[in-house]
file data_32.cif (mmCIF, C-alpha atoms)
data_start
#
loop_
_atom_site.label_atom_id
_atom_site.label_comp_id
_atom_site.auth_asym_id
_atom_site.auth_seq_id
_atom_site.Cartn_x
_atom_site.Cartn_y
_atom_site.Cartn_z
CA MET A 153 -31.33 -7.79 -22.02
CA GLU A 154 -29.67 -4.99 -23.88
CA ARG A 155 -25.94 -4.60 -23.37
CA THR A 156 -24.42 -1.20 -22.91
CA THR A 157 -20.91 0.21 -22.75
CA ILE A 158 -21.43 0.76 -19.04
CA ASP A 159 -21.86 -2.98 -18.56
CA LEU A 160 -18.61 -3.54 -20.41
CA TRP A 161 -16.71 -1.07 -18.25
CA VAL A 162 -18.14 -2.45 -15.02
CA GLY A 163 -17.21 -5.94 -16.23
CA VAL A 164 -13.65 -4.81 -16.87
CA PHE A 165 -13.57 -3.12 -13.46
CA VAL A 166 -14.76 -6.21 -11.58
CA ALA A 167 -12.39 -8.45 -13.56
CA LEU A 168 -9.48 -6.16 -12.73
CA GLY A 169 -10.44 -6.25 -9.06
CA LEU A 170 -10.55 -10.05 -9.01
CA ALA A 171 -7.24 -10.17 -10.87
CA ALA A 172 -5.73 -7.85 -8.26
CA ILE A 173 -6.93 -10.05 -5.39
CA PHE A 174 -5.56 -13.14 -7.16
CA GLY A 175 -2.32 -11.30 -7.83
CA LEU A 176 -2.05 -10.32 -4.17
CA ALA A 177 -2.79 -13.86 -3.03
CA LEU A 178 -0.39 -15.60 -5.40
CA LYS A 179 2.40 -13.13 -6.06
CA VAL A 180 2.50 -11.07 -2.84
CA GLY A 181 1.05 -13.49 -0.28
CA ASN A 182 2.06 -16.96 0.75
CA LEU A 183 -0.89 -18.85 -0.66
CA THR A 184 1.37 -20.78 -3.03
CA SER A 185 4.32 -21.36 -0.73
CA SER A 186 2.31 -22.39 2.34
CA ASN A 187 0.50 -25.03 0.34
CA ILE A 188 2.02 -28.29 1.53
CA GLY A 189 -0.84 -30.62 0.72
CA ALA A 190 -1.80 -33.47 3.02
CA THR A 191 -0.16 -33.37 6.43
CA TYR A 192 0.27 -35.45 9.56
CA THR A 193 0.62 -34.13 13.07
CA VAL A 194 3.37 -34.75 15.60
CA THR A 195 4.04 -33.02 18.89
CA ALA A 196 7.24 -32.01 20.61
CA ALA A 197 7.80 -30.64 24.12
CA PHE A 198 10.32 -27.88 24.73
CA GLU A 199 11.45 -26.31 27.99
CA ASN A 200 11.86 -22.99 26.24
CA ILE A 201 10.60 -22.08 22.81
CA GLY A 202 12.11 -18.59 22.69
CA GLY A 203 10.24 -16.55 20.09
CA LEU A 204 8.69 -19.44 18.14
CA LYS A 205 5.23 -18.61 16.78
CA PRO A 206 2.42 -20.55 15.14
CA HIS A 207 2.87 -20.80 11.34
CA ALA A 208 6.65 -20.81 11.74
CA PRO A 209 8.31 -23.12 9.22
CA VAL A 210 9.56 -26.61 10.07
CA LYS A 211 12.69 -27.37 8.07
CA SER A 212 14.84 -30.37 7.49
CA ALA A 213 18.16 -29.88 5.74
CA GLY A 214 16.98 -26.33 5.09
CA VAL A 215 13.89 -27.37 3.14
CA VAL A 216 10.47 -26.35 4.44
CA ILE A 217 8.58 -29.58 5.16
CA GLY A 218 5.84 -28.32 7.46
CA ARG A 219 4.51 -25.61 9.73
CA VAL A 220 4.05 -25.10 13.45
CA ASP A 221 0.34 -25.58 14.05
CA SER A 222 -0.13 -24.54 17.67
CA ILE A 223 1.83 -23.88 20.84
CA VAL A 224 0.30 -24.53 24.26
CA PHE A 225 1.72 -24.47 27.75
CA ASN A 226 1.53 -27.77 29.60
CA SER A 227 1.08 -26.96 33.28
CA LYS A 228 1.76 -30.58 34.35
CA ASP A 229 5.45 -30.62 33.53
CA TYR A 230 5.83 -26.90 32.81
CA GLU A 231 6.81 -27.36 29.19
CA ALA A 232 5.67 -25.85 25.93
CA GLU A 233 3.86 -28.36 23.76
CA VAL A 234 4.36 -27.58 20.10
CA THR A 235 2.19 -29.26 17.49
CA LEU A 236 3.81 -29.64 14.07
CA LYS A 237 2.06 -30.32 10.79
CA LEU A 238 4.42 -32.18 8.47
CA ASP A 239 4.01 -33.00 4.82
CA LYS A 240 2.75 -36.58 4.31
CA ARG A 241 5.39 -37.21 1.66
CA TYR A 242 8.22 -37.00 4.19
CA GLU A 243 8.66 -39.56 6.96
CA PHE A 244 11.06 -39.29 9.85
CA PRO A 245 12.49 -41.93 12.20
CA LYS A 246 11.23 -42.12 15.79
CA ASP A 247 14.47 -40.75 17.24
CA THR A 248 14.43 -37.56 15.18
CA PHE A 249 15.84 -34.48 16.87
CA ALA A 250 13.70 -31.31 16.93
CA ASN A 251 15.75 -28.15 17.48
CA ILE A 252 14.68 -24.52 17.59
CA TYR A 253 16.96 -22.41 15.41
CA THR A 254 17.06 -18.76 14.46
CA ALA A 255 17.28 -17.70 10.82
CA GLY A 256 20.21 -15.31 10.70
CA LEU A 257 21.21 -13.21 13.68
CA LEU A 258 17.89 -11.45 14.20
CA GLY A 259 15.59 -13.50 11.98
CA GLU A 260 12.49 -15.50 12.79
CA GLN A 261 12.72 -18.76 14.68
CA TYR A 262 11.97 -22.09 13.07
CA ILE A 263 12.12 -25.77 13.96
CA GLY A 264 14.82 -27.88 12.39
CA LEU A 265 14.38 -31.64 12.25
CA GLU A 266 17.47 -33.85 12.18
CA SER A 267 16.62 -37.43 11.43
CA GLY A 268 17.91 -40.23 13.62
CA GLY A 269 18.72 -43.79 12.64
CA GLU A 270 15.83 -45.85 13.92
CA GLU A 271 13.76 -48.14 11.69
CA THR A 272 10.27 -47.20 12.90
CA MET A 273 8.87 -43.97 11.54
CA LEU A 274 6.91 -41.20 13.26
CA LYS A 275 3.15 -41.59 12.84
CA ASN A 276 0.25 -39.19 13.15
CA GLY A 277 -0.08 -38.12 16.81
CA ASP A 278 3.38 -39.26 17.87
CA LYS A 279 5.65 -37.28 20.12
CA ILE A 280 9.21 -36.33 19.29
CA SER A 281 11.17 -37.05 22.46
CA HIS A 282 14.55 -35.59 21.54
CA THR A 283 14.29 -31.82 21.57
CA GLN A 284 16.64 -28.93 22.01
CA ASP A 285 15.42 -25.58 23.31
CA ALA A 286 15.83 -22.21 21.75
CA VAL A 287 19.05 -20.46 22.57
CA VAL A 288 18.42 -17.60 24.98
CA LEU A 289 20.99 -14.91 24.44
CA GLU A 290 21.01 -13.71 28.08
CA LYS A 291 21.71 -17.26 29.33
CA MET A 292 24.52 -17.66 26.87
CA ILE A 293 26.13 -14.36 27.84
CA SER A 294 25.86 -15.05 31.59
CA GLN A 295 27.34 -18.52 31.08
CA PHE A 296 30.17 -17.01 29.06
CA LEU A 297 30.87 -14.42 31.77
CA TYR A 298 30.71 -17.08 34.49
CA ASN A 299 33.19 -19.28 32.61
CA LYS A 300 35.44 -16.30 32.01
CA ALA A 301 35.40 -15.43 35.72
CA SER A 302 36.13 -18.98 36.83
CA ASP A 303 38.91 -19.20 34.23
CA THR A 304 40.68 -16.13 35.54
CA LYS A 305 40.22 -17.35 39.13
CA SER A 306 41.73 -20.76 38.38
CA SER A 307 44.60 -19.22 36.45
CA GLU A 308 45.29 -16.90 39.41
CA LYS A 309 45.29 -19.94 41.69
CA THR A 310 47.77 -21.80 39.50
CA LYS A 311 49.93 -18.68 39.44
CA ALA A 312 49.82 -18.48 43.21
CA ALA A 313 50.73 -22.16 43.49
CA GLU A 314 53.73 -21.60 41.33
CA MET B 2 -23.46 38.46 30.85
CA PHE B 3 -26.10 36.02 32.01
CA ASN B 4 -27.75 36.16 28.62
CA GLY B 5 -24.46 35.41 26.91
CA LEU B 6 -23.90 32.38 29.14
CA GLN B 7 -27.39 31.20 28.43
CA GLY B 8 -26.70 31.52 24.73
CA VAL B 9 -23.58 29.37 25.04
CA PHE B 10 -25.46 26.60 26.84
CA ALA B 11 -28.35 26.84 24.44
CA SER B 12 -26.14 26.45 21.39
CA LEU B 13 -24.23 23.61 23.07
CA GLY B 14 -27.47 21.81 23.83
CA HIS B 15 -28.71 22.46 20.34
CA ARG B 16 -25.59 20.88 18.86
CA VAL B 17 -25.85 17.80 21.07
CA ILE B 18 -29.52 17.30 20.28
CA GLU B 19 -28.82 17.89 16.59
CA GLY B 20 -26.06 15.26 16.68
CA VAL B 21 -28.26 12.67 18.36
CA TRP B 22 -31.05 13.43 15.93
CA ARG B 23 -28.74 12.93 12.97
CA ILE B 24 -27.44 9.63 14.33
CA GLY B 25 -31.00 8.41 14.71
CA ALA B 26 -31.96 9.53 11.20
CA GLY B 27 -28.82 7.92 9.77
CA ALA B 28 -29.60 4.64 11.52
CA ARG B 29 -33.14 4.76 10.12
CA LEU B 30 -31.80 5.30 6.61
CA PHE B 31 -29.39 2.38 7.09
CA PHE B 32 -32.29 0.21 8.21
CA TYR B 33 -34.34 1.18 5.15
CA ILE B 34 -31.44 0.28 2.87
CA GLY B 35 -31.30 -3.14 4.50
CA PHE B 36 -35.09 -3.37 4.18
CA TYR B 37 -34.85 -2.84 0.39
CA LEU B 38 -31.94 -5.31 0.06
CA LEU B 39 -33.82 -7.85 -2.08
CA GLU B 40 -35.53 -5.19 -4.12
CA SER B 41 -32.26 -3.51 -5.08
CA PHE B 42 -30.60 -6.77 -6.15
CA LYS B 43 -33.66 -7.66 -8.25
CA ARG B 44 -32.71 -4.71 -10.43
CA PRO B 45 -28.95 -5.08 -10.86
CA ARG B 46 -29.02 -2.64 -13.76
CA LEU B 47 -29.28 0.28 -11.31
CA ILE B 48 -26.38 -0.99 -9.21
CA VAL B 49 -24.23 -1.58 -12.29
CA ARG B 50 -24.79 2.00 -13.40
CA GLU B 51 -23.76 3.30 -10.00
CA ILE B 52 -20.69 1.06 -9.92
CA PHE B 53 -19.70 2.72 -13.15
CA ALA B 54 -20.13 6.17 -11.62
CA THR B 55 -18.42 5.47 -8.29
CA GLY B 56 -15.98 2.68 -9.09
CA VAL B 57 -14.91 2.80 -12.71
CA LEU B 58 -14.60 6.57 -12.84
CA SER B 59 -12.47 6.52 -9.66
CA LEU B 60 -10.00 4.08 -11.24
CA LEU B 61 -7.68 6.72 -12.67
CA ILE B 62 -7.05 8.64 -9.44
CA ILE B 63 -6.76 5.37 -7.45
CA LEU B 64 -4.27 3.73 -9.83
CA VAL B 65 -2.08 6.80 -10.31
CA SER B 66 -1.89 7.57 -6.60
CA ALA B 67 -1.26 3.89 -5.82
CA PHE B 68 1.69 3.80 -8.17
CA PHE B 69 3.20 6.93 -6.64
CA VAL B 70 2.56 5.78 -3.07
CA GLY B 71 4.29 2.49 -3.87
CA MET B 72 7.24 4.30 -5.41
CA VAL B 73 7.61 6.63 -2.42
CA LEU B 74 7.43 3.67 -0.04
CA GLY B 75 10.15 1.99 -2.06
CA LEU B 76 12.44 5.01 -1.93
CA GLN B 77 11.87 5.80 1.74
CA GLY B 78 12.09 2.16 2.79
CA TYR B 79 15.31 1.62 0.89
CA ASN B 80 16.85 4.70 2.46
CA THR B 81 16.34 3.34 5.98
CA LEU B 82 16.74 -0.39 5.39
CA GLN B 83 20.02 0.08 3.57
CA LYS B 84 21.55 1.47 6.80
CA TYR B 85 20.95 -1.94 8.40
CA GLY B 86 22.15 -3.84 5.38
CA SER B 87 18.81 -5.44 4.66
CA SER B 88 17.64 -3.66 1.55
CA GLU B 89 16.09 -6.92 0.26
CA ALA B 90 13.42 -6.55 2.95
CA ILE B 91 12.06 -3.57 1.01
CA GLY B 92 9.51 -5.85 -0.69
CA VAL B 93 8.17 -6.91 2.71
CA LEU B 94 7.92 -3.30 3.86
CA VAL B 95 6.13 -2.10 0.75
CA ALA B 96 3.74 -5.07 0.58
CA LEU B 97 2.82 -5.19 4.26
CA SER B 98 2.23 -1.46 4.61
CA LEU B 99 0.12 -1.40 1.45
CA VAL B 100 -1.91 -4.54 2.05
CA ARG B 101 -2.54 -3.92 5.73
CA GLU B 102 -2.98 -0.17 5.98
CA LEU B 103 -2.37 2.13 3.07
CA GLY B 104 -4.39 0.18 0.51
CA PRO B 105 -7.72 0.26 2.35
CA VAL B 106 -7.22 3.61 4.11
CA VAL B 107 -5.89 5.77 1.25
CA THR B 108 -8.44 4.22 -1.11
CA ALA B 109 -11.22 5.12 1.31
CA LEU B 110 -9.95 8.69 1.69
CA LEU B 111 -9.68 9.15 -2.08
CA PHE B 112 -13.05 7.46 -2.54
CA ALA B 113 -14.66 9.90 -0.09
CA GLY B 114 -13.17 12.81 -1.99
CA ARG B 115 -13.83 11.51 -5.50
CA ALA B 116 -17.08 9.55 -5.27
CA GLY B 117 -18.56 10.46 -1.87
CA THR B 118 -18.80 14.16 -2.67
CA ALA B 119 -20.41 13.40 -6.03
CA ILE B 120 -23.04 11.23 -4.34
CA THR B 121 -23.80 13.86 -1.70
CA ALA B 122 -24.06 16.69 -4.23
CA GLU B 123 -26.23 14.62 -6.56
CA ILE B 124 -28.68 13.52 -3.89
CA GLY B 125 -28.69 16.93 -2.22
CA LEU B 126 -29.54 18.56 -5.53
CA MET B 127 -32.18 15.92 -6.26
CA LYS B 128 -33.74 16.85 -2.96
CA ALA B 129 -33.40 20.60 -3.58
CA THR B 130 -35.10 20.30 -6.96
CA GLU B 131 -37.79 18.11 -5.34
CA GLN B 132 -37.09 15.10 -7.51
CA LEU B 133 -37.19 12.86 -4.43
CA SER B 134 -40.55 14.27 -3.38
CA ALA B 135 -41.83 13.73 -6.91
CA MET B 136 -40.83 10.07 -6.70
CA GLU B 137 -42.70 9.69 -3.44
CA MET B 138 -45.76 11.26 -5.08
CA MET B 139 -45.55 8.53 -7.73
CA ALA B 140 -45.33 5.89 -4.97
CA VAL B 141 -41.71 5.12 -5.88
CA SER B 142 -39.57 4.88 -2.78
CA PRO B 143 -36.53 7.15 -3.25
CA VAL B 144 -34.59 4.93 -0.85
CA ALA B 145 -35.15 1.88 -3.04
CA ARG B 146 -34.68 3.68 -6.35
CA VAL B 147 -31.91 6.22 -5.57
CA ILE B 148 -30.21 5.56 -2.23
CA ALA B 149 -29.88 1.76 -2.01
CA PRO B 150 -28.27 1.21 -5.46
CA ARG B 151 -25.63 3.84 -4.66
CA PHE B 152 -24.98 2.24 -1.29
CA TRP B 153 -24.42 -1.24 -2.73
CA ALA B 154 -22.33 0.17 -5.55
CA GLY B 155 -20.03 1.82 -2.98
CA VAL B 156 -19.81 -1.36 -0.89
CA ILE B 157 -18.91 -3.42 -3.98
CA SER B 158 -16.51 -0.89 -5.49
CA MET B 159 -14.40 -0.20 -2.41
CA PRO B 160 -12.78 -3.66 -1.93
CA ILE B 161 -12.07 -3.84 -5.68
CA LEU B 162 -10.45 -0.41 -5.65
CA ALA B 163 -8.46 -1.23 -2.50
CA ALA B 164 -7.17 -4.50 -3.97
CA LEU B 165 -6.15 -2.68 -7.14
CA PHE B 166 -4.49 0.02 -5.03
CA SER B 167 -2.41 -2.55 -3.11
CA MET B 168 -1.44 -4.47 -6.24
CA VAL B 169 -0.46 -1.37 -8.24
CA GLY B 170 1.35 0.02 -5.19
CA VAL B 171 3.43 -3.15 -4.91
CA LEU B 172 4.25 -2.83 -8.62
CA GLY B 173 5.27 0.80 -7.99
CA GLY B 174 7.55 -0.33 -5.17
CA TYR B 175 8.96 -3.03 -7.44
CA PHE B 176 9.56 -0.44 -10.16
CA VAL B 177 11.66 1.70 -7.80
CA ALA B 178 13.40 -1.13 -5.96
CA VAL B 179 14.41 -3.43 -8.79
CA PRO B 180 15.14 -1.50 -12.01
CA ILE B 181 16.09 1.85 -10.43
CA ILE B 182 17.85 0.96 -7.16
CA GLY B 183 18.99 -2.49 -8.18
CA VAL B 184 17.63 -4.74 -5.42
CA ASP B 185 17.61 -8.37 -6.49
CA SER B 186 14.26 -9.23 -8.06
CA GLY B 187 14.11 -12.77 -6.65
CA ALA B 188 14.83 -11.62 -3.10
CA PHE B 189 12.23 -8.87 -3.46
CA TRP B 190 9.41 -11.30 -4.26
CA SER B 191 10.51 -14.27 -2.15
CA GLN B 192 10.94 -12.25 1.07
CA MET B 193 7.57 -10.65 0.39
CA GLN B 194 5.91 -14.03 -0.06
CA ALA B 195 7.55 -15.36 3.09
CA SER B 196 6.14 -12.59 5.29
CA VAL B 197 2.76 -11.66 3.81
CA ASP B 198 0.13 -14.07 5.07
CA PHE B 199 -3.00 -14.60 3.00
CA ARG B 200 -5.39 -14.89 5.93
CA ASP B 201 -3.78 -12.43 8.35
CA ASP B 202 -2.83 -9.67 5.94
CA ILE B 203 -4.67 -9.85 2.64
CA VAL B 204 -8.07 -11.02 3.87
CA ASN B 205 -7.93 -8.56 6.78
CA GLY B 206 -7.20 -5.77 4.30
CA VAL B 207 -10.23 -6.77 2.25
CA ILE B 208 -12.39 -6.85 5.40
CA LYS B 209 -11.21 -3.35 6.25
CA SER B 210 -12.05 -2.04 2.81
CA VAL B 211 -15.55 -3.54 2.96
CA VAL B 212 -16.15 -1.77 6.30
CA PHE B 213 -14.80 1.49 4.87
CA GLY B 214 -17.04 1.04 1.83
CA ILE B 215 -20.10 0.73 4.06
CA VAL B 216 -19.11 3.74 6.18
CA CYS B 217 -18.11 6.06 3.32
CA SER B 218 -21.20 5.33 1.21
CA MET B 219 -23.46 5.61 4.23
CA ILE B 220 -22.03 9.00 5.25
CA ALA B 221 -22.17 10.37 1.69
CA LEU B 222 -25.75 9.19 1.19
CA PHE B 223 -26.98 10.42 4.53
CA GLU B 224 -25.39 13.85 4.17
CA GLY B 225 -27.02 14.22 0.76
CA TYR B 226 -30.38 12.98 1.96
CA ASP B 227 -30.24 15.21 5.03
CA ALA B 228 -28.94 18.35 3.28
CA PRO B 229 -31.06 21.51 3.56
CA PRO B 230 -32.55 22.03 0.08
CA THR B 231 -30.57 25.15 -0.69
CA ALA B 232 -27.36 25.84 -2.60
CA GLU B 233 -25.55 26.57 0.67
CA GLY B 234 -27.00 23.50 2.34
CA VAL B 235 -25.76 21.20 -0.43
CA SER B 236 -22.29 22.75 -0.40
CA ARG B 237 -22.07 22.35 3.38
CA ALA B 238 -23.26 18.76 3.15
CA THR B 239 -20.54 18.01 0.58
CA THR B 240 -17.87 19.42 2.88
CA ARG B 241 -19.24 17.43 5.80
CA THR B 242 -19.09 14.26 3.71
CA VAL B 243 -15.35 14.61 3.18
CA VAL B 244 -14.60 15.60 6.78
CA ASN B 245 -16.80 12.98 8.41
CA SER B 246 -15.78 10.17 6.07
CA SER B 247 -12.08 10.86 6.57
CA LEU B 248 -12.42 11.01 10.35
CA ALA B 249 -14.58 7.89 10.43
CA VAL B 250 -12.16 5.95 8.22
CA LEU B 251 -9.10 6.86 10.27
CA GLY B 252 -10.82 6.18 13.60
CA LEU B 253 -12.32 2.89 12.44
CA ASP B 254 -8.98 1.85 10.99
CA PHE B 255 -7.46 2.07 14.44
CA ILE B 256 -10.26 0.02 15.98
CA LEU B 257 -10.16 -2.62 13.23
CA THR B 258 -6.38 -2.90 13.44
CA ALA B 259 -6.58 -3.30 17.21
CA PHE B 260 -9.09 -6.14 16.73
CA MET B 261 -7.07 -7.84 14.00
CA ILE B 262 -3.69 -7.64 15.68
CA GLY B 263 -5.06 -8.44 19.12
CA ALA B 264 -6.76 -11.57 17.83
#

call {"tool": "encode", "arguments": {"input": "data_32.cif", "output": "structure tokens"}}
result
Amino acid sequence: MERTTIDLWVGVFVALGLAAIFGLALKVGNLTSSNIGATYTVTAAFENIGGLKPHAPVKSAGVVIGRVDSIVFNSKDYEAEVTLKLDKRYEFPKDTFANIYTAGLLGEQYIGLESGGEETMLKNGDKISHTQDAVVLEKMISQFLYNKASDTKSSEKTKAAE
Amino acid sequence: MFNGLQGVFASLGHRVIEGVWRIGAGARLFFYIGFYLLESFKRPRLIVREIFATGVLSLLIILVSAFFVGMVLGLQGYNTLQKYGSSEAIGVLVALSLVRELGPVVTALLFAGRAGTAITAEIGLMKATEQLSAMEMMAVSPVARVIAPRFWAGVISMPILAALFSMVGVLGGYFVAVPIIGVDSGAFWSQMQASVDFRDDIVNGVIKSVVFGIVCSMIALFEGYDAPPTAEGVSRATTRTVVNSSLAVLGLDFILTAFMIGA
């Protein structure tokens, strides 16, 4: 088949397009950073997950070691069941704590794992039993106000007693 | 008075019937293109030539406008984000708005203006000078020989152009944010990578551009094929191509976004 300059230009065009898609995937998107290789799955139940979403990072000591795979509501004990996919390279003791934290003041929510001291390690399909819910700002504020009110009341009482 | 009213209803009815007729004819043309699918890919030479005409020759306008759109996004985004002390998030803003929306949509609008009008005028003129009828006389199907290669060229070119638009736009945003404004380069890229998802953002953008490619090429081809074989008819058809393609792209973009975000 005879080659023409048009073929050359179309070849350049298609190559540029593929390069742009690769560039978007690798440089702009998270295709490189979300790649955590082989994983194992553990679950954790929370009473309140706040704004946690699937694909949120799971961190330990600040390092991303997995992702949240799915979140479902368990209507038996009214808890949110969160499935985590953790990197196979990292193992955690059975009594590991799973907490929901917020990155910064208004940032996204992620799960932080704090390892415990037990000898046996978490296996595929295990459940993390020690969990701490997301902090709900309204609850915190109302608790603060309640404490404040009871403080002033008790101080008034002590004053009156004096 | 009664006659005038009758005239209004008559023209209204005429327009409705005309619209339905055109939809039917367009659907038939679409079906024929699908019918000649194998035949057109057996002769890739024709498609390659049309990709050169629609895709390669649109590169300049796409790349230049992408760079400027990216730079404007960078400037505007910085202006607002800086008030909240999060100017590093500018990379996220530029990348997400380009990859999700502006890349596919602006590319499609430019494509309709740059390549769609050329297709309509070419086919309309081919019809006016009876080249299409001559082909039929020689038992060559004009749909297989003229229409289908242009359709596939548009469908192939659009995602490539949209991807290039997004990539060059991000580089334009980078150019404004990092060397000119002085945002930290590492934060620019790392925040972008943390928030742009390959499946949810980039692949959805590509899907959008494929849909826009189908719609824009289809409208341009149909308007050309359907144009009255006169100078005025071809000029009107070219105008209709731009108007209808732009409206279709913007409307479809809303529907596609609703599907993608809702899912």

call {"tool": "residues_near_point", "arguments": {"input": "data_32.cif", "point": "(21.2, -15.0, 23.6)", "cutoff": "12 Å", "atoms": "all atoms listed in the file", "output": "ChimeraX atom specification"}}
result
/A:202-203,253-254,257-258,286-296

call {"tool": "resolve_selection", "arguments": {"input": "data_32.cif", "expression": "the PyMOL selection byres ((chain A) within 9 of (chain B))", "output": "number ranges by chain"}}
result
A: 158-159, 161-162, 164-166, 168-173, 175-186

call {"tool": "resolve_selection", "arguments": {"input": "data_32.cif", "expression": "the PyMOL selection byres ((chain A and resi 216) around 12)", "output": "list in words"}}
result
Ser185, Ser186, Asn187, Ile188, His207, Ala208, Pro209, Val210, Lys211, Ser212, Ala213, Gly214, Val215, Ile217, Gly218, Arg219, Val220, Lys237, Leu238, Asp239, Tyr242, Tyr262, Ile263, Gly264 and Leu265 of chain A; Ala195 of chain B

call {"tool": "residues_around", "arguments": {"input": "data_32.cif", "residues": "Ser222 of chain A", "least_positions_apart": "6", "cutoff": "7 Å", "atoms": "all atoms listed in the file", "output": "list in words"}}
result
Pro206, Val234 and Thr235 of chain A

call {"tool": "atom_distance", "arguments": {"input": "data_32.cif", "atom1": "atom CA of Thr258 of chain B", "atom2": "atom CA of Thr81 of chain B"}}
result
24.7 Å

call {"tool": "resolve_selection", "arguments": {"input": "data_32.cif", "expression": "the PyMOL selection byres ((chain A and resi 269-279) around 9)", "output": "list in words"}}
result
Thr191, Tyr192, Thr193, Val194, Thr195, Ala196, Ala197, Glu243, Phe244, Pro245, Lys246, Asp247, Thr248, Ser267, Gly268, Ile280 and Ser281 of chain A

call {"tool": "atom_distance", "arguments": {"input": "data_32.cif", "atom1": "atom CA of Glu40 of chain B", "atom2": "atom CA of Thr157 of chain A"}}
result
24.3 Å

call {"tool": "atom_distance", "arguments": {"input": "data_32.cif", "atom1": "atom CA of Ile181 of chain B", "atom2": "atom CA of Leu110 of chain B"}}
result
29.5 Å

call {"tool": "closest_residue", "arguments": {"input": "data_32.cif", "among": "B:Ala238, B:Ile124, B:Leu99, B:Glu224", "to": "Met72 of chain B", "atoms": "all atoms listed in the file"}}
result
B:Leu99

call {"tool": "residues_around", "arguments": {"input": "data_32.cif", "residues": "segment 125-133 of chain B", "least_positions_apart": "6", "cutoff": "10 Å", "atoms": "all atoms listed in the file", "output": "list in words"}}
result
Ala119, Met139, Val141, Ser142, Pro143, Val144, Arg146, Val147, Leu222, Phe223, Glu224, Gly225, Tyr226, Asp227, Ala228, Pro229, Pro230, Thr231, Ala232, Gly234, Val235, Ser236, Ala238 and Thr239 of chain B

call {"tool": "write_last_selection", "arguments": {"input": "data_32.cif", "atoms": "C-alpha atoms", "output": "PDB file, in the frame of the given file"}}
result
ATOM      1  CA  ALA B 119     -20.410  13.400  -6.030  1.00  0.00           C
ATOM      2  CA  MET B 139     -45.550   8.530  -7.730  1.00  0.00           C
ATOM      3  CA  VAL B 141     -41.710   5.120  -5.880  1.00  0.00           C
ATOM      4  CA  SER B 142     -39.570   4.880  -2.780  1.00  0.00           C
ATOM      5  CA  PRO B 143     -36.530   7.150  -3.250  1.00  0.00           C
ATOM      6  CA  VAL B 144     -34.590   4.930  -0.850  1.00  0.00           C
ATOM      7  CA  ARG B 146     -34.680   3.680  -6.350  1.00  0.00           C
ATOM      8  CA  VAL B 147     -31.910   6.220  -5.570  1.00  0.00           C
ATOM      9  CA  LEU B 222     -25.750   9.190   1.190  1.00  0.00           C
ATOM     10  CA  PHE B 223     -26.980  10.420   4.530  1.00  0.00           C
ATOM     11  CA  GLU B 224     -25.390  13.850   4.170  1.00  0.00           C
ATOM     12  CA  GLY B 225     -27.020  14.220   0.760  1.00  0.00           C
ATOM     13  CA  TYR B 226     -30.380  12.980   1.960  1.00  0.00           C
ATOM     14  CA  ASP B 227     -30.240  15.210   5.030  1.00  0.00           C
ATOM     15  CA  ALA B 228     -28.940  18.350   3.280  1.00  0.00           C
ATOM     16  CA  PRO B 229     -31.060  21.510   3.560  1.00  0.00           C
ATOM     17  CA  PRO B 230     -32.550  22.030   0.080  1.00  0.00           C
ATOM     18  CA  THR B 231     -30.570  25.150  -0.690  1.00  0.00           C
ATOM     19  CA  ALA B 232     -27.360  25.840  -2.600  1.00  0.00           C
ATOM     20  CA  GLY B 234     -27.000  23.500   2.340  1.00  0.00           C
ATOM     21  CA  VAL B 235     -25.760  21.200  -0.430  1.00  0.00           C
ATOM     22  CA  SER B 236     -22.290  22.750  -0.400  1.00  0.00           C
ATOM     23  CA  ALA B 238     -23.260  18.760   3.150  1.00  0.00           C
ATOM     24  CA  THR B 239     -20.540  18.010   0.580  1.00  0.00           C
TER      25      THR B 239
END

call {"tool": "residues_near_point", "arguments": {"input": "data_32.cif", "point": "(-6.2, 5.5, -0.1)", "cutoff": "10 Å", "atoms": "all atoms listed in the file", "output": "JSON, numbers by chain"}}
result
{"B": [62, 63, 66, 67, 70, 99, 102, 103, 104, 105, 106, 107, 108, 109, 110, 111, 112, 113, 162, 163, 166, 167, 210]}

call {"tool": "axis_aligned_box", "arguments": {"input": "data_32.cif", "around": "segment 265-277 of chain A", "padding_each_side": "8 Å", "output": "AutoDock Vina command-line options"}}
result
--center_x 9.3 --center_y -39.9 --center_z 14.1 --size_x 34.8 --size_y 32.5 --size_z 21.4

call {"tool": "build_atoms", "arguments": {"input": "data_32.cif", "residues": "segment 251-256 of chain A", "atoms": "N, CA and C atoms", "output": "JSON list (two decimals), in the coordinates of the input"}}
result
[["chain", "number", "residue", "atom", "x", "y", "z"],
["A", 251, "ASN", "N", 15.02, -29.27, 16.89],
["A", 251, "ASN", "CA", 15.75, -28.15, 17.48],
["A", 251, "ASN", "C", 15.08, -26.85, 17.08],
["A", 252, "ILE", "N", 15.19, -25.85, 17.96],
["A", 252, "ILE", "CA", 14.68, -24.52, 17.59],
["A", 252, "ILE", "C", 15.88, -23.67, 17.17],
["A", 253, "TYR", "N", 15.86, -23.22, 15.95],
["A", 253, "TYR", "CA", 16.96, -22.41, 15.41],
["A", 253, "TYR", "C", 16.45, -21.02, 15.09],
["A", 254, "THR", "N", 17.40, -20.11, 14.88],
["A", 254, "THR", "CA", 17.06, -18.76, 14.46],
["A", 254, "THR", "C", 17.63, -18.54, 13.07],
["A", 255, "ALA", "N", 16.80, -17.99, 12.17],
["A", 255, "ALA", "CA", 17.28, -17.70, 10.82],
["A", 255, "ALA", "C", 18.07, -16.41, 10.87],
["A", 256, "GLY", "N", 19.36, -16.50, 10.64],
["A", 256, "GLY", "CA", 20.21, -15.31, 10.70],
["A", 256, "GLY", "C", 20.39, -14.86, 12.14]]
